[in-house]
file work_35.pdb (PDB, C-alpha atoms, pLDDT in the B column)
ATOM      1  CA  MET A 529      -7.168  -7.314  -8.380  1.00 63.00           C
ATOM      2  CA  ALA A 530      -5.153  -4.137  -7.821  1.00 80.00           C
ATOM      3  CA  GLU A 531      -7.076  -0.887  -7.577  1.00 93.00           C
ATOM      4  CA  ASP A 532      -6.018   2.585  -8.683  1.00 95.00           C
ATOM      5  CA  TYR A 533      -5.587   5.352  -6.109  1.00 96.00           C
ATOM      6  CA  GLY A 534      -7.694   7.893  -7.936  1.00 94.00           C
ATOM      7  CA  THR A 535     -10.451   8.164 -10.495  1.00 94.00           C
ATOM      8  CA  LEU A 536     -10.354   8.893 -14.191  1.00 94.00           C
ATOM      9  CA  ALA A 537     -12.727  11.830 -13.610  1.00 94.00           C
ATOM     10  CA  ALA A 538     -10.381  13.371 -11.011  1.00 95.00           C
ATOM     11  CA  LEU A 539      -7.392  12.943 -13.326  1.00 95.00           C
ATOM     12  CA  LYS A 540      -9.250  14.553 -16.249  1.00 95.00           C
ATOM     13  CA  SER A 541     -10.222  17.475 -14.045  1.00 94.00           C
ATOM     14  CA  ARG A 542      -6.617  17.920 -12.905  1.00 93.00           C
ATOM     15  CA  LEU A 543      -5.427  17.979 -16.513  1.00 93.00           C
ATOM     16  CA  GLY A 544      -8.192  20.345 -17.651  1.00 93.00           C
ATOM     17  CA  LEU A 545      -9.762  17.742 -19.957  1.00 92.00           C
ATOM     18  CA  GLU A 546     -13.480  17.549 -20.645  1.00 93.00           C
ATOM     19  CA  SER A 547     -15.110  14.746 -18.652  1.00 89.00           C
ATOM     20  CA  ALA A 548     -17.187  13.677 -21.691  1.00 90.00           C
ATOM     21  CA  ASP A 549     -14.092  13.357 -23.910  1.00 89.00           C
ATOM     22  CA  ASP A 550     -13.088   9.709 -23.851  1.00 89.00           C
ATOM     23  CA  THR A 551     -10.430   9.830 -26.583  1.00 91.00           C
ATOM     24  CA  GLN A 552      -7.586   9.772 -24.057  1.00 91.00           C
ATOM     25  CA  ASP A 553      -9.175   7.403 -21.519  1.00 92.00           C
ATOM     26  CA  GLU A 554      -6.878   4.481 -22.325  1.00 95.00           C
ATOM     27  CA  ALA A 555      -3.715   6.565 -21.893  1.00 94.00           C
ATOM     28  CA  LEU A 556      -5.084   8.216 -18.746  1.00 95.00           C
ATOM     29  CA  SER A 557      -6.060   4.859 -17.221  1.00 95.00           C
ATOM     30  CA  GLY A 558      -2.619   3.485 -18.011  1.00 95.00           C
ATOM     31  CA  ALA A 559      -0.931   6.461 -16.347  1.00 95.00           C
ATOM     32  CA  LEU A 560      -3.138   6.169 -13.257  1.00 96.00           C
ATOM     33  CA  GLY A 561      -2.473   2.441 -12.947  1.00 96.00           C
ATOM     34  CA  ALA A 562       1.273   2.909 -13.403  1.00 96.00           C
ATOM     35  CA  ALA A 563       1.353   5.716 -10.819  1.00 96.00           C
ATOM     36  CA  SER A 564      -0.574   3.600  -8.305  1.00 97.00           C
ATOM     37  CA  ARG A 565       1.659   0.551  -8.728  1.00 96.00           C
ATOM     38  CA  GLY A 566       4.744   2.780  -8.578  1.00 95.00           C
ATOM     39  CA  ILE A 567       3.596   4.080  -5.197  1.00 96.00           C
ATOM     40  CA  ASP A 568       3.105   0.487  -4.013  1.00 96.00           C
ATOM     41  CA  ARG A 569       6.673  -0.392  -5.029  1.00 95.00           C
ATOM     42  CA  ALA A 570       8.168   2.761  -3.497  1.00 94.00           C
ATOM     43  CA  CYS A 571       6.338   2.224  -0.192  1.00 96.00           C
ATOM     44  CA  GLY A 572       6.796  -1.542   0.004  1.00 95.00           C
ATOM     45  CA  ARG A 573       3.074  -1.983   0.677  1.00 96.00           C
ATOM     46  CA  ARG A 574      -0.255  -1.578  -1.071  1.00 96.00           C
ATOM     47  CA  PHE A 575      -3.235   0.512  -0.055  1.00 97.00           C
ATOM     48  CA  TRP A 576      -6.130  -1.288  -1.749  1.00 95.00           C
ATOM     49  CA  LEU A 577      -8.120  -3.760   0.345  1.00 96.00           C
ATOM     50  CA  ASP A 578      -8.717  -7.394  -0.550  1.00 96.00           C
ATOM     51  CA  PRO A 579     -12.439  -7.827  -1.303  1.00 95.00           C
ATOM     52  CA  GLU A 580     -12.452 -11.183   0.545  1.00 96.00           C
ATOM     53  CA  PRO A 581     -10.186 -12.722   3.214  1.00 97.00           C
ATOM     54  CA  VAL A 582      -7.119 -14.561   1.886  1.00 96.00           C
ATOM     55  CA  GLN A 583      -4.557 -16.766   3.640  1.00 96.00           C
ATOM     56  CA  ARG A 584      -0.912 -15.898   4.143  1.00 96.00           C
ATOM     57  CA  LEU A 585       1.710 -17.989   5.853  1.00 95.00           C
ATOM     58  CA  TYR A 586       4.426 -16.488   8.073  1.00 94.00           C
ATOM     59  CA  SER A 587       7.546 -17.918   9.658  1.00 92.00           C
ATOM     60  CA  PRO A 588       8.030 -16.305  13.091  1.00 91.00           C
ATOM     61  CA  THR A 589      11.800 -16.236  12.552  1.00 88.00           C
ATOM     62  CA  GLY A 590      12.804 -12.607  12.094  1.00 87.00           C
ATOM     63  CA  ARG A 591       9.206 -11.367  12.342  1.00 90.00           C
ATOM     64  CA  VAL A 592       8.712 -11.363  16.122  1.00 91.00           C
ATOM     65  CA  VAL A 593       9.346  -8.311  18.288  1.00 90.00           C
ATOM     66  CA  ARG A 594       9.593  -8.845  22.044  1.00 88.00           C
ATOM     67  CA  ASP A 595       7.299  -6.378  23.821  1.00 84.00           C
ATOM     68  CA  PRO A 596       6.853  -6.088  27.610  1.00 85.00           C
ATOM     69  CA  ASP A 597       3.345  -7.559  27.175  1.00 82.00           C
ATOM     70  CA  GLY A 598       4.335 -10.487  24.946  1.00 86.00           C
ATOM     71  CA  ASP A 599       5.471 -11.333  21.430  1.00 91.00           C
ATOM     72  CA  ARG A 600       4.338  -9.163  18.518  1.00 93.00           C
ATOM     73  CA  LEU A 601       4.313 -10.885  15.122  1.00 94.00           C
ATOM     74  CA  LEU A 602       4.834  -8.428  12.268  1.00 95.00           C
ATOM     75  CA  VAL A 603       2.370  -9.118   9.453  1.00 96.00           C
ATOM     76  CA  ASP A 604       1.497  -7.546   6.120  1.00 97.00           C
ATOM     77  CA  ASP A 605      -0.987  -4.673   6.407  1.00 98.00           C
ATOM     78  CA  ILE A 606      -4.457  -5.854   7.445  1.00 98.00           C
ATOM     79  CA  GLY A 607      -7.254  -3.431   6.563  1.00 97.00           C
ATOM     80  CA  ALA A 608     -10.349  -5.105   8.066  1.00 97.00           C
ATOM     81  CA  LEU A 609     -10.945  -7.304  11.094  1.00 95.00           C
ATOM     82  CA  GLU A 610     -13.987  -9.126   9.696  1.00 95.00           C
ATOM     83  CA  GLY A 611     -12.903 -12.641   8.744  1.00 94.00           C
ATOM     84  CA  LEU A 612      -9.577 -12.426  10.614  1.00 96.00           C
ATOM     85  CA  VAL A 613      -8.386 -15.908  11.634  1.00 96.00           C
ATOM     86  CA  VAL A 614      -4.984 -16.630  13.191  1.00 96.00           C
ATOM     87  CA  GLU A 615      -3.599 -20.175  13.481  1.00 94.00           C
ATOM     88  CA  THR A 616      -0.275 -21.793  14.336  1.00 92.00           C
ATOM     89  CA  GLY A 617       1.140 -25.121  13.220  1.00 91.00           C
ATOM     90  CA  SER A 618       2.876 -26.695  10.268  1.00 85.00           C
ATOM     91  CA  GLY A 619       2.022 -28.837   7.265  1.00 82.00           C
ATOM     92  CA  ALA A 620      -1.688 -29.635   7.381  1.00 84.00           C
ATOM     93  CA  ALA A 621      -2.062 -29.326  11.175  1.00 90.00           C
ATOM     94  CA  PHE A 622      -2.999 -25.833  12.344  1.00 92.00           C
ATOM     95  CA  THR A 623      -4.682 -24.734  15.581  1.00 91.00           C
ATOM     96  CA  ALA A 624      -6.623 -21.521  16.124  1.00 93.00           C
ATOM     97  CA  VAL A 625      -4.912 -18.892  18.285  1.00 91.00           C
ATOM     98  CA  THR A 626      -6.776 -16.845  20.879  1.00 88.00           C
ATOM     99  CA  GLY A 627      -5.541 -14.284  23.374  1.00 88.00           C
ATOM    100  CA  TYR A 628      -3.903 -11.944  20.888  1.00 93.00           C
ATOM    101  CA  GLU A 629      -4.518  -8.274  20.116  1.00 94.00           C
ATOM    102  CA  THR A 630      -4.055  -6.372  16.901  1.00 96.00           C
ATOM    103  CA  SER A 631      -1.373  -3.721  16.812  1.00 93.00           C
ATOM    104  CA  PRO A 632      -1.272  -0.753  16.773  1.00 94.00           C
ATOM    105  CA  HIS A 633      -4.278  -0.227  18.990  1.00 92.00           C
ATOM    106  CA  ASN A 634      -7.270   1.381  17.221  1.00 95.00           C
ATOM    107  CA  ALA A 635      -5.570   1.155  13.831  1.00 96.00           C
ATOM    108  CA  ILE A 636      -8.722   0.327  11.831  1.00 95.00           C
ATOM    109  CA  PRO A 637     -10.951   3.014  13.427  1.00 95.00           C
ATOM    110  CA  ASP A 638      -8.135   5.520  12.849  1.00 95.00           C
ATOM    111  CA  GLY A 639      -8.002   4.649   9.131  1.00 94.00           C
ATOM    112  CA  GLN A 640      -4.676   2.815   9.406  1.00 96.00           C
ATOM    113  CA  ALA A 641      -3.677  -0.792   8.846  1.00 97.00           C
ATOM    114  CA  VAL A 642      -2.976  -3.430  11.465  1.00 97.00           C
ATOM    115  CA  THR A 643       0.718  -4.330  11.201  1.00 96.00           C
ATOM    116  CA  GLY A 644       1.196  -6.718  14.115  1.00 96.00           C
ATOM    117  CA  LEU A 645      -0.447  -9.381  16.258  1.00 96.00           C
ATOM    118  CA  LEU A 646       0.458  -9.190  19.956  1.00 94.00           C
ATOM    119  CA  LEU A 647       0.329 -12.534  21.785  1.00 92.00           C
ATOM    120  CA  PHE A 648       0.177 -12.131  25.557  1.00 87.00           C
ATOM    121  CA  ASN A 649       2.410 -14.354  27.702  1.00 77.00           C
ATOM    122  CA  GLY A 650       3.193 -16.707  24.872  1.00 77.00           C
ATOM    123  CA  SER A 651       5.325 -17.342  21.841  1.00 82.00           C
ATOM    124  CA  TRP A 652       4.485 -17.499  18.150  1.00 86.00           C
ATOM    125  CA  GLY A 653       6.727 -20.552  17.850  1.00 77.00           C
ATOM    126  CA  ALA A 654      10.112 -21.335  16.380  1.00 71.00           C
ATOM    127  CA  GLY A 655      11.784 -23.804  14.063  1.00 68.00           C
ATOM    128  CA  SER A 656       9.280 -25.312  11.652  1.00 72.00           C
ATOM    129  CA  ALA A 657       6.261 -23.617  13.295  1.00 86.00           C
ATOM    130  CA  ARG A 658       4.285 -21.306  11.041  1.00 92.00           C
ATOM    131  CA  VAL A 659       1.556 -18.753  11.606  1.00 94.00           C
ATOM    132  CA  ARG A 660      -1.308 -18.789   9.140  1.00 95.00           C
ATOM    133  CA  VAL A 661      -3.290 -15.553   8.939  1.00 97.00           C
ATOM    134  CA  THR A 662      -6.558 -15.285   7.048  1.00 97.00           C
ATOM    135  CA  ALA A 663      -7.514 -11.640   6.580  1.00 97.00           C
ATOM    136  CA  ARG A 664      -8.409  -8.872   4.193  1.00 97.00           C
ATOM    137  CA  PHE A 665      -4.973  -7.440   3.545  1.00 97.00           C
ATOM    138  CA  GLY A 666      -4.389  -3.829   2.544  1.00 97.00           C
ATOM    139  CA  TRP A 667      -5.655  -0.598   4.099  1.00 97.00           C
ATOM    140  CA  PRO A 668      -9.188   0.272   5.294  1.00 97.00           C
ATOM    141  CA  ALA A 669      -9.202   3.150   2.779  1.00 96.00           C
ATOM    142  CA  VAL A 670      -6.626   4.793   0.559  1.00 96.00           C
ATOM    143  CA  PRO A 671      -4.983   7.604   2.573  1.00 97.00           C
ATOM    144  CA  ALA A 672      -5.691  11.064   1.134  1.00 96.00           C
ATOM    145  CA  GLU A 673      -1.953  11.700   0.692  1.00 97.00           C
ATOM    146  CA  VAL A 674      -1.552   8.536  -1.375  1.00 97.00           C
ATOM    147  CA  GLY A 675      -4.534   9.463  -3.561  1.00 97.00           C
ATOM    148  CA  GLU A 676      -3.119  12.943  -4.164  1.00 97.00           C
ATOM    149  CA  ALA A 677       0.340  11.546  -4.944  1.00 97.00           C
ATOM    150  CA  ALA A 678      -1.182   9.113  -7.454  1.00 97.00           C
ATOM    151  CA  LEU A 679      -3.005  11.910  -9.282  1.00 97.00           C
ATOM    152  CA  ILE A 680       0.103  14.113  -9.404  1.00 96.00           C
ATOM    153  CA  GLN A 681       2.233  11.246 -10.695  1.00 95.00           C
ATOM    154  CA  ALA A 682      -0.418  10.075 -13.174  1.00 95.00           C
ATOM    155  CA  ALA A 683      -0.691  13.603 -14.622  1.00 94.00           C
ATOM    156  CA  ARG A 684       3.089  13.720 -14.904  1.00 92.00           C
ATOM    157  CA  LEU A 685       3.215  10.330 -16.656  1.00 92.00           C
ATOM    158  CA  TYR A 686       0.424  11.339 -19.037  1.00 92.00           C
ATOM    159  CA  ARG A 687       2.272  14.535 -19.976  1.00 90.00           C
ATOM    160  CA  ARG A 688       5.429  12.534 -20.749  1.00 84.00           C
ATOM    161  CA  LYS A 689       4.095  11.926 -24.266  1.00 76.00           C
ATOM    162  CA  SER A 690       5.035  15.566 -24.886  1.00 65.00           C
ATOM    163  CA  SER A 691       8.504  15.168 -23.359  1.00 62.00           C
ATOM    164  CA  PRO A 692       9.710  11.693 -24.345  1.00 56.00           C
ATOM    165  CA  GLU A 693      13.373  12.425 -23.589  1.00 54.00           C
ATOM    166  CA  GLY A 694      12.639  13.919 -20.160  1.00 53.00           C
ATOM    167  CA  VAL A 695      13.019  17.442 -21.516  1.00 50.00           C
ATOM    168  CA  THR A 696      10.314  20.063 -21.808  1.00 52.00           C
ATOM    169  CA  GLY A 697      10.274  23.534 -23.321  1.00 52.00           C
ATOM    170  CA  GLY A 698      10.144  26.381 -20.841  1.00 54.00           C
ATOM    171  CA  GLY A 699       9.593  29.652 -22.742  1.00 56.00           C
ATOM    172  CA  GLU A 700      11.852  32.253 -21.158  1.00 62.00           C
ATOM    173  CA  TRP A 701      13.551  29.508 -19.131  1.00 52.00           C
ATOM    174  CA  GLY A 702      14.607  27.603 -22.224  1.00 52.00           C
ATOM    175  CA  VAL A 703      14.814  23.825 -22.177  1.00 50.00           C
ATOM    176  CA  VAL A 704      14.086  22.277 -18.765  1.00 50.00           C
ATOM    177  CA  ARG A 705      15.018  18.703 -17.804  1.00 51.00           C
ATOM    178  CA  LEU A 706      12.405  16.909 -15.715  1.00 52.00           C
ATOM    179  CA  SER A 707      13.643  15.662 -12.328  1.00 56.00           C
ATOM    180  CA  ARG A 708      13.803  11.929 -11.687  1.00 65.00           C
ATOM    181  CA  ARG A 709      11.434  12.143  -8.711  1.00 77.00           C
ATOM    182  CA  ASP A 710       8.612  14.570  -8.162  1.00 88.00           C
ATOM    183  CA  PRO A 711       9.341  16.129  -4.731  1.00 91.00           C
ATOM    184  CA  ASP A 712       5.642  16.640  -3.977  1.00 94.00           C
ATOM    185  CA  VAL A 713       4.850  12.981  -4.652  1.00 95.00           C
ATOM    186  CA  TRP A 714       7.779  11.919  -2.506  1.00 94.00           C
ATOM    187  CA  ASN A 715       6.769  14.186   0.394  1.00 95.00           C
ATOM    188  CA  LEU A 716       3.217  12.828   0.303  1.00 96.00           C
ATOM    189  CA  ILE A 717       4.159   9.135   0.353  1.00 96.00           C
ATOM    190  CA  GLU A 718       7.255   9.312   2.567  1.00 95.00           C
ATOM    191  CA  PRO A 719       5.374   8.728   5.861  1.00 95.00           C
ATOM    192  CA  TYR A 720       3.942   5.500   4.404  1.00 96.00           C
ATOM    193  CA  ILE A 721       7.239   3.959   3.250  1.00 95.00           C
ATOM    194  CA  LEU A 722       8.141   0.792   5.125  1.00 90.00           C
ATOM    195  CA  PRO A 723      11.692   0.699   6.516  1.00 84.00           C
ATOM    196  CA  GLY A 724      14.065  -0.915   4.034  1.00 68.00           C
ATOM    197  CA  PHE A 725      12.279   0.505   0.972  1.00 52.00           C
ATOM    198  CA  ALA A 726      12.938   3.758  -0.922  1.00 49.00           C
TER
END

call {"tool": "encode", "arguments": {"input": "work_35.pdb", "output": "structure tokens"}}
result
Amino acid sequence: MAEDYGTLAALKSRLGLESADDTQDEALSGALGAASRGIDRACGRRFWLDPEPVQRLYSPTGRVVRDPDGDRLLVDDIGALEGLVVETGSGAAFTAVTGYETSPHNAIPDGQAVTGLLLFNGSWGAGSARVRVTARFGWPAVPAEVGEAALIQAARLYRRKSSPEGVTGGGEWGVVRLSRRDPDVWNLIEPYILPGFA
């Protein structure tokens, strides 16, 4: 189940709402969920971690990068190494793979996700061969920048009830049209956007 990249308490604090006031909790939760899923779509990845390992199947075609040390299979973000199982095969016949390293090196201890599996002096296969990866997909923890972006965007979405046409009053500035993208949100998530998204 998808997780939000911030808490209701943090969002209330940002908006200057009393923590004990629960009259707007449904709208606030909706805004936080929408902001979190919007960040996932913009980045082409998600930052919450599967609670248990799940299986995913990959075709090596178009997902293998030739490195000097061997073939690196590009995989969806893996956020924990416990329960990681890698197998190759097809149909119902799969064989465990050994002799691979996760890539980039030290990703998990550095709070980043594993994005590749480097197989030394071998090939991940071709044709009908598949690679089956059982892992906890996602990130080890939500990056601080992503959490901040989610709160900014959630506050913006919540305030939209006061500016349904994308226009807000501005006192001495007159009527102000809201921009399509919040530049602060974009600057925070930009380093996490996978190539081909945005």

call {"tool": "resolve_selection", "arguments": {"input": "work_35.pdb", "expression": "the PyMOL selection byres ((chain A and resi 603) around 6)", "output": "mmCIF file with C-alpha atoms, keeping the file's coordinate frame"}}
result
data_model
loop_
_atom_site.group_PDB
_atom_site.id
_atom_site.type_symbol
_atom_site.label_atom_id
_atom_site.label_comp_id
_atom_site.auth_asym_id
_atom_site.auth_seq_id
_atom_site.Cartn_x
_atom_site.Cartn_y
_atom_site.Cartn_z
ATOM 1 C CA LEU A 602 4.834 -8.428 12.268
ATOM 2 C CA ASP A 604 1.497 -7.546 6.120
ATOM 3 C CA THR A 643 0.718 -4.330 11.201
ATOM 4 C CA GLY A 644 1.196 -6.718 14.115
#

call {"tool": "residues_near_point", "arguments": {"input": "work_35.pdb", "point": "(-3.2, -5.0, 17.8)", "cutoff": "8 Å", "atoms": "all atoms listed in the file", "output": "PyMOL selection string"}}
result
chain A and resi 628-635+642-646

call {"tool": "resolve_selection", "arguments": {"input": "work_35.pdb", "expression": "the PyMOL selection byres ((chain A and resi 574) around 9)", "output": "mmCIF file with C-alpha atoms, in the coordinates of the input"}}
result
data_model
loop_
_atom_site.group_PDB
_atom_site.id
_atom_site.type_symbol
_atom_site.label_atom_id
_atom_site.label_comp_id
_atom_site.auth_asym_id
_atom_site.auth_seq_id
_atom_site.Cartn_x
_atom_site.Cartn_y
_atom_site.Cartn_z
ATOM 1 C CA ALA A 530 -5.153 -4.137 -7.821
ATOM 2 C CA SER A 564 -0.574 3.600 -8.305
ATOM 3 C CA ARG A 565 1.659 0.551 -8.728
ATOM 4 C CA ILE A 567 3.596 4.080 -5.197
ATOM 5 C CA ASP A 568 3.105 0.487 -4.013
ATOM 6 C CA ARG A 569 6.673 -0.392 -5.029
ATOM 7 C CA CYS A 571 6.338 2.224 -0.192
ATOM 8 C CA GLY A 572 6.796 -1.542 0.004
ATOM 9 C CA ARG A 573 3.074 -1.983 0.677
ATOM 10 C CA PHE A 575 -3.235 0.512 -0.055
ATOM 11 C CA TRP A 576 -6.130 -1.288 -1.749
ATOM 12 C CA LEU A 577 -8.120 -3.760 0.345
ATOM 13 C CA ASP A 605 -0.987 -4.673 6.407
ATOM 14 C CA PHE A 665 -4.973 -7.440 3.545
ATOM 15 C CA GLY A 666 -4.389 -3.829 2.544
ATOM 16 C CA TRP A 667 -5.655 -0.598 4.099
#

call {"tool": "atom_distance", "arguments": {"input": "work_35.pdb", "atom1": "CA of Glu615 (chain A)", "atom2": "CA of Pro579 (chain A)"}}
result
21.2 Å

call {"tool": "atom_distance", "arguments": {"input": "work_35.pdb", "atom1": "CA of Gly534 (chain A)", "atom2": "CA of Gly675 (chain A)"}}
result
5.6 Å

call {"tool": "closest_residue", "arguments": {"input": "work_35.pdb", "among": "A:Val592, A:Gly566, A:Thr616, A:Pro719", "to": "Ser656 (chain A)", "atoms": "all atoms listed in the file"}}
result
A:Thr616

call {"tool": "atom_distance", "arguments": {"input": "work_35.pdb", "atom1": "CA of Arg660 (chain A)", "atom2": "CA of Tyr586 (chain A)"}}
result
6.3 Å
